[in-house]
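The structure under discussion appears below in the form of C-alpha cells.
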Amino acid sequence: MSKLATDLVHHPYKPPEGFSAPQPGVFKASTVIFASVAQMRARDWQQKKGYTYGLHGTPTSFTLEERLCRLEGGLQCVLAPSGLAAIAIVNLAFLKTGDEVLIPNNAYGPNKALAEHELKSWGITCRYYDAMNPADLAARISAKTRLAWLEAPGSVTMEFPDLPALAALCRARDVTSALDNTWGAGVAFAPFETGADISAHALTKYPSGGGDVLMGSVITRDEALHLKIKAVHMRLGYGVGGNDAEAVLRSLPSIELRYRAHDAAARELASWLKGRSEIEQVLHPAIEGSPGHEHWKALCGAQGVAAGLFSVVFDGKYSTAQVDAFCDALKLFKLGYSWAGPVSLVVPYDIPSMRDASVSAWSYKGVLVRFSIGLEDVASLRADLEQALAVL
Ligand SMILES: Cc1ncc(COP(=O)(O)O)c(C=O)c1O
C-alpha cells in the first residue's frame, strides 16, 4: 500500500461551517472518535451531551428522538430496531422474576407471544384483561403487578377502550402503564394526556409511512422511567441505522397530512362496506356502532381523526374459503402484514385463536378481514372491493 491509502482515510479537509438545508444531515457511525483520553473517560451515554458509540446516539438519531418527543408530547425517547423491539425493551426494563404483567386480551399478538414464551420462562406471569371493561383490569391488578399494557384500539378487532380510565386505575395502584401508541401515532390524540406513563410506537407505520422501514420508539415524560429504559436499551444493543433514521426524519413532516388522507379514505370505504349485505359488522372506532366509538369520540373529539385501518366481519353464511377467495380476488389491495404505507393491504384473521375466550369472548361467527387503506384513489379501491365481493 502507498501513502495514498492513509491520505484517503486521514485527509485534512473540513467543509465550511454553516451549511443549512431542509433536512438535517445524516451521520452514520459505529465508532465515535474522541478528541482526547480525558474526553473519552468523561463520556456519558445517558445524557445527550456528547457521543460515545454509534449504538448510543449520533446527531441524526438524537434529532429524530427529539422530533418524536415533539410528536408525542414526551420528554425523553429511545429508538429501537422495530416496534416489537420497543415493546420488548419496556418489558425488560420493568419486569423481573416473580412480577406480573397485564396485557389487553385484544393486544398486538407478538406482545402477547413474548409474554407467553420468554417472559414466562423467566418466571414473569402474564395475565390478560378485557380492555373494554376497566373493572376487569382493576380486579386483575395484584400485589405482583408491575406493568400494564394499554392499546387503543385493540389490534385487528379495533375496540377502542376508555384509556384515561385504564391509566388512572394503574396510577392509583402504583402500576406502570405503557401505551402502544402506534394507531394514534401522536396525531389522533396526545398519548400522555391519557395518563399513561410510557408511549411505545411502531415507527414502522405512520412515522415512516413508506412500508420500507422497521423502527420503534419508547417515549416518556419522567427521567427515572427513561433511565431504566435507556439502561436496558444500551445493554441489549438496540440501535438503529443512520439511513433508516434519515428515512423517518424525511417522512415525519408529512405525517399529519398522510394520516388525515389515510383516515378520509378509510372512513369512506368503511362506511360503504357498512351498507353491503355481505358484511355483518364494520369495526372502525370513528364509525358509529363500532365498539368503543364513544371512547374514541371522547379522546379524539367528535371531529377527530383516526388511522386508515379498519376491519369487517363477514356474514356468518360465508365460509373461510369464500372469504379467502374474496381476499385473493382483490387486485389493488395486496396481501401483507403491517399498515400505514402507500399500498392498501388486506389480511383475513382467525380471531377465536387469537384471544382468551374466558377474558373476553368473540361473539361473531363470520370471518374477520382487516384493511389498511393506502394512498390510492378511493374510487378505484371501492371498485376493487366491489369486484372481489362479487366472487362471494
Ligand atoms: C399495534 C402494533 N404495535 C406494534 C407493532 C410492531 O411493529 P413492528 O412491525 O415495527 O415490529 C405493530 C406491527 O404491526 C402493531 O400493529
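Residue names in the C-alpha cells use chain letters A, B, ... in the order shown, residue numbers from 1 in each chain, and ligand numbers from 1 in the order shown.
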Environment of ligand 1 within 10 Å, counting only C-alpha atoms and all ligand atoms, reported as a ChimeraX atom specification: /A:80-88,107-111,151-156,179-184,200-205,213-217,337-340
Residues within 10 Å of Cys327 (chain A), only C-alpha atoms, excluding chain neighbours under 2 positions, as an MDAnalysis selection string: chainID A and resid 321:325 329:331 333:335 345:348 369 385 388:389 391
Export of prior selection with all heavy atoms as a short mmCIF file (atom, residue, chain, number, x, y, z; two decimals), in the first residue's frame:
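Heads up, here's the output in part.cif:
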data_model
loop_
_atom_site.label_atom_id
_atom_site.label_comp_id
_atom_site.auth_asym_id
_atom_site.auth_seq_id
_atom_site.Cartn_x
_atom_site.Cartn_y
_atom_site.Cartn_z
N ALA A 321 -63.20 -20.33 3.32
CA ALA A 321 -62.69 -20.48 1.95
C ALA A 321 -63.26 -19.39 1.05
O ALA A 321 -62.55 -18.84 0.20
CB ALA A 321 -63.07 -21.86 1.41
N GLN A 322 -64.52 -19.03 1.25
CA GLN A 322 -65.13 -17.98 0.42
C GLN A 322 -64.47 -16.61 0.70
O GLN A 322 -64.20 -15.85 -0.21
CB GLN A 322 -66.64 -17.88 0.69
CG GLN A 322 -67.44 -18.95 -0.03
CD GLN A 322 -68.91 -18.88 0.36
OE1 GLN A 322 -69.26 -19.14 1.50
NE2 GLN A 322 -69.75 -18.51 -0.59
N VAL A 323 -64.24 -16.35 2.00
CA VAL A 323 -63.62 -15.05 2.35
C VAL A 323 -62.17 -15.03 1.85
O VAL A 323 -61.68 -13.99 1.39
CB VAL A 323 -63.73 -14.78 3.87
CG1 VAL A 323 -63.02 -13.49 4.23
CG2 VAL A 323 -65.20 -14.70 4.28
N ASP A 324 -61.49 -16.17 1.92
CA ASP A 324 -60.12 -16.24 1.36
C ASP A 324 -60.16 -15.91 -0.14
O ASP A 324 -59.30 -15.19 -0.65
CB ASP A 324 -59.53 -17.64 1.54
CG ASP A 324 -59.10 -17.90 2.98
OD1 ASP A 324 -59.23 -16.98 3.81
OD2 ASP A 324 -58.65 -19.03 3.28
N ALA A 325 -61.20 -16.44 -0.81
CA ALA A 325 -61.31 -16.20 -2.26
C ALA A 325 -61.55 -14.70 -2.52
O ALA A 325 -61.02 -14.14 -3.49
CB ALA A 325 -62.45 -17.03 -2.85
N ALA A 329 -59.09 -12.33 -4.64
CA ALA A 329 -59.62 -11.67 -5.84
C ALA A 329 -59.27 -10.19 -5.89
O ALA A 329 -59.36 -9.56 -6.95
CB ALA A 329 -61.14 -11.85 -5.90
N LEU A 330 -58.89 -9.61 -4.75
CA LEU A 330 -58.54 -8.19 -4.74
C LEU A 330 -57.28 -7.96 -5.57
O LEU A 330 -56.35 -8.77 -5.54
CB LEU A 330 -58.31 -7.72 -3.29
CG LEU A 330 -59.59 -7.60 -2.44
CD1 LEU A 330 -59.24 -7.54 -0.95
CD2 LEU A 330 -60.41 -6.38 -2.85
N LYS A 331 -57.28 -6.86 -6.31
CA LYS A 331 -56.13 -6.61 -7.19
C LYS A 331 -55.26 -5.47 -6.66
O LYS A 331 -54.04 -5.56 -6.64
CB LYS A 331 -56.63 -6.29 -8.60
CG LYS A 331 -57.32 -7.49 -9.25
CD LYS A 331 -57.64 -7.19 -10.71
CE LYS A 331 -58.11 -8.42 -11.45
NZ LYS A 331 -59.46 -8.86 -11.02
N PHE A 333 -55.61 -4.05 -3.50
CA PHE A 333 -55.27 -4.43 -2.12
C PHE A 333 -54.31 -5.61 -2.18
O PHE A 333 -54.61 -6.61 -2.84
CB PHE A 333 -56.52 -4.86 -1.35
CG PHE A 333 -57.40 -3.73 -0.93
CD1 PHE A 333 -58.38 -3.23 -1.79
CD2 PHE A 333 -57.29 -3.18 0.34
CE1 PHE A 333 -59.20 -2.19 -1.40
CE2 PHE A 333 -58.12 -2.14 0.75
CZ PHE A 333 -59.08 -1.64 -0.13
N LYS A 334 -53.18 -5.50 -1.52
CA LYS A 334 -52.21 -6.59 -1.53
C LYS A 334 -52.31 -7.36 -0.22
O LYS A 334 -52.65 -6.79 0.83
CB LYS A 334 -50.78 -6.04 -1.69
CG LYS A 334 -50.60 -5.23 -2.97
CD LYS A 334 -50.80 -6.08 -4.20
CE LYS A 334 -50.77 -5.27 -5.49
NZ LYS A 334 -51.28 -6.01 -6.65
N LEU A 335 -52.00 -8.65 -0.29
CA LEU A 335 -51.99 -9.49 0.92
C LEU A 335 -50.67 -9.26 1.64
O LEU A 335 -49.61 -9.56 1.09
CB LEU A 335 -52.10 -10.96 0.51
CG LEU A 335 -53.48 -11.42 0.04
CD1 LEU A 335 -53.35 -12.69 -0.78
CD2 LEU A 335 -54.40 -11.64 1.24
N LEU A 345 -53.61 -2.75 2.00
CA LEU A 345 -53.32 -4.14 2.37
C LEU A 345 -54.55 -4.81 2.95
O LEU A 345 -55.44 -4.14 3.51
CB LEU A 345 -52.20 -4.18 3.42
CG LEU A 345 -50.84 -3.60 3.00
CD1 LEU A 345 -49.90 -3.53 4.19
CD2 LEU A 345 -50.22 -4.42 1.88
N VAL A 346 -54.59 -6.13 2.85
CA VAL A 346 -55.71 -6.91 3.39
C VAL A 346 -55.17 -8.18 4.03
O VAL A 346 -54.22 -8.78 3.51
CB VAL A 346 -56.73 -7.23 2.26
CG1 VAL A 346 -56.12 -8.05 1.14
CG2 VAL A 346 -57.95 -7.93 2.80
N VAL A 347 -55.75 -8.56 5.17
CA VAL A 347 -55.38 -9.81 5.85
C VAL A 347 -56.64 -10.42 6.48
O VAL A 347 -57.34 -9.73 7.22
CB VAL A 347 -54.35 -9.58 7.00
CG1 VAL A 347 -53.89 -10.92 7.59
CG2 VAL A 347 -53.16 -8.77 6.56
N PRO A 348 -56.93 -11.71 6.22
CA PRO A 348 -58.01 -12.37 6.96
C PRO A 348 -57.44 -12.94 8.26
O PRO A 348 -56.30 -13.41 8.28
CB PRO A 348 -58.43 -13.51 6.02
CG PRO A 348 -57.22 -13.80 5.19
CD PRO A 348 -56.33 -12.59 5.19
N VAL A 369 -61.83 -9.66 8.36
CA VAL A 369 -60.79 -9.24 7.42
C VAL A 369 -60.38 -7.82 7.79
O VAL A 369 -61.22 -6.96 8.02
CB VAL A 369 -61.32 -9.29 5.97
CG1 VAL A 369 -60.36 -8.61 5.01
CG2 VAL A 369 -61.54 -10.74 5.55
N LEU A 385 -62.88 -3.53 -4.30
CA LEU A 385 -63.65 -4.27 -3.29
C LEU A 385 -64.92 -4.84 -3.91
O LEU A 385 -65.30 -5.99 -3.67
CB LEU A 385 -64.02 -3.33 -2.12
CG LEU A 385 -62.87 -2.87 -1.22
CD1 LEU A 385 -63.30 -1.73 -0.31
CD2 LEU A 385 -62.35 -4.04 -0.38
N ALA A 388 -64.31 -7.86 -6.00
CA ALA A 388 -63.93 -9.02 -5.20
C ALA A 388 -65.13 -9.55 -4.42
O ALA A 388 -65.27 -10.78 -4.23
CB ALA A 388 -62.79 -8.65 -4.25
N LEU A 389 -66.03 -8.66 -3.99
CA LEU A 389 -67.24 -9.12 -3.28
C LEU A 389 -68.10 -9.98 -4.20
O LEU A 389 -68.78 -10.90 -3.75
CB LEU A 389 -68.05 -7.92 -2.77
CG LEU A 389 -67.50 -7.20 -1.53
CD1 LEU A 389 -68.23 -5.89 -1.27
CD2 LEU A 389 -67.57 -8.10 -0.29
N VAL A 391 -67.19 -12.21 -6.05
CA VAL A 391 -66.68 -13.60 -6.01
C VAL A 391 -67.47 -14.42 -4.99
O VAL A 391 -67.64 -15.63 -5.15
CB VAL A 391 -65.17 -13.59 -5.64
CG1 VAL A 391 -64.65 -14.96 -5.29
CG2 VAL A 391 -64.36 -12.98 -6.76
#
Glu246 (chain A) surroundings by only C-alpha atoms, 12 Å radius, close-in-sequence under 3 positions cut, as JSON, numbers by chain: {"A": [23, 24, 25, 26, 27, 28, 58, 59, 60, 61, 62, 63, 64, 65, 207, 208, 213, 215, 240, 241, 242, 243, 249, 250, 251, 252]}
Polymer residues at most 12 Å from Arg146 (chain A), only C-alpha atoms, same-chain spacing of 4 or more positions, as a list of chain:residue names: A:Val90, A:Asn91, A:Leu92, A:Ala93, A:Phe94, A:Leu95, A:Lys96, A:Thr97, A:Gly98, A:Asp99, A:Glu100, A:Val101, A:Leu102, A:Ile103, A:Ile124, A:Thr125, A:Cys126, A:Arg127, A:Arg140, A:Ile141, A:Ser142, A:Cys170, A:Arg171, A:Arg173, A:Asp174, A:Val175, A:Thr176, A:Ser177, A:Ala178
Separation of CA of Met40 (chain A) from CA of Leu55 (chain A) in Å: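 About the pair CA of Leu55 (chain A) and CA of Met40 (chain A): they are 15.7 Å apart.
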Every residue of region 115-244 of chain A that DSSP places in helix (DSSP H, G or I), as a ChimeraX atom specification: /A:115-121,134-140,163-172,191-194,223-236,242-244
Residue nearest Pro291 (chain A) among A:Gly74, A:Pro134, A:Gly50, A:Pro161 (counting only C-alpha atoms):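 Nearest candidate to Pro291 (chain A) out of A:Gly74, A:Pro134, A:Gly50, A:Pro161: A:Pro161.
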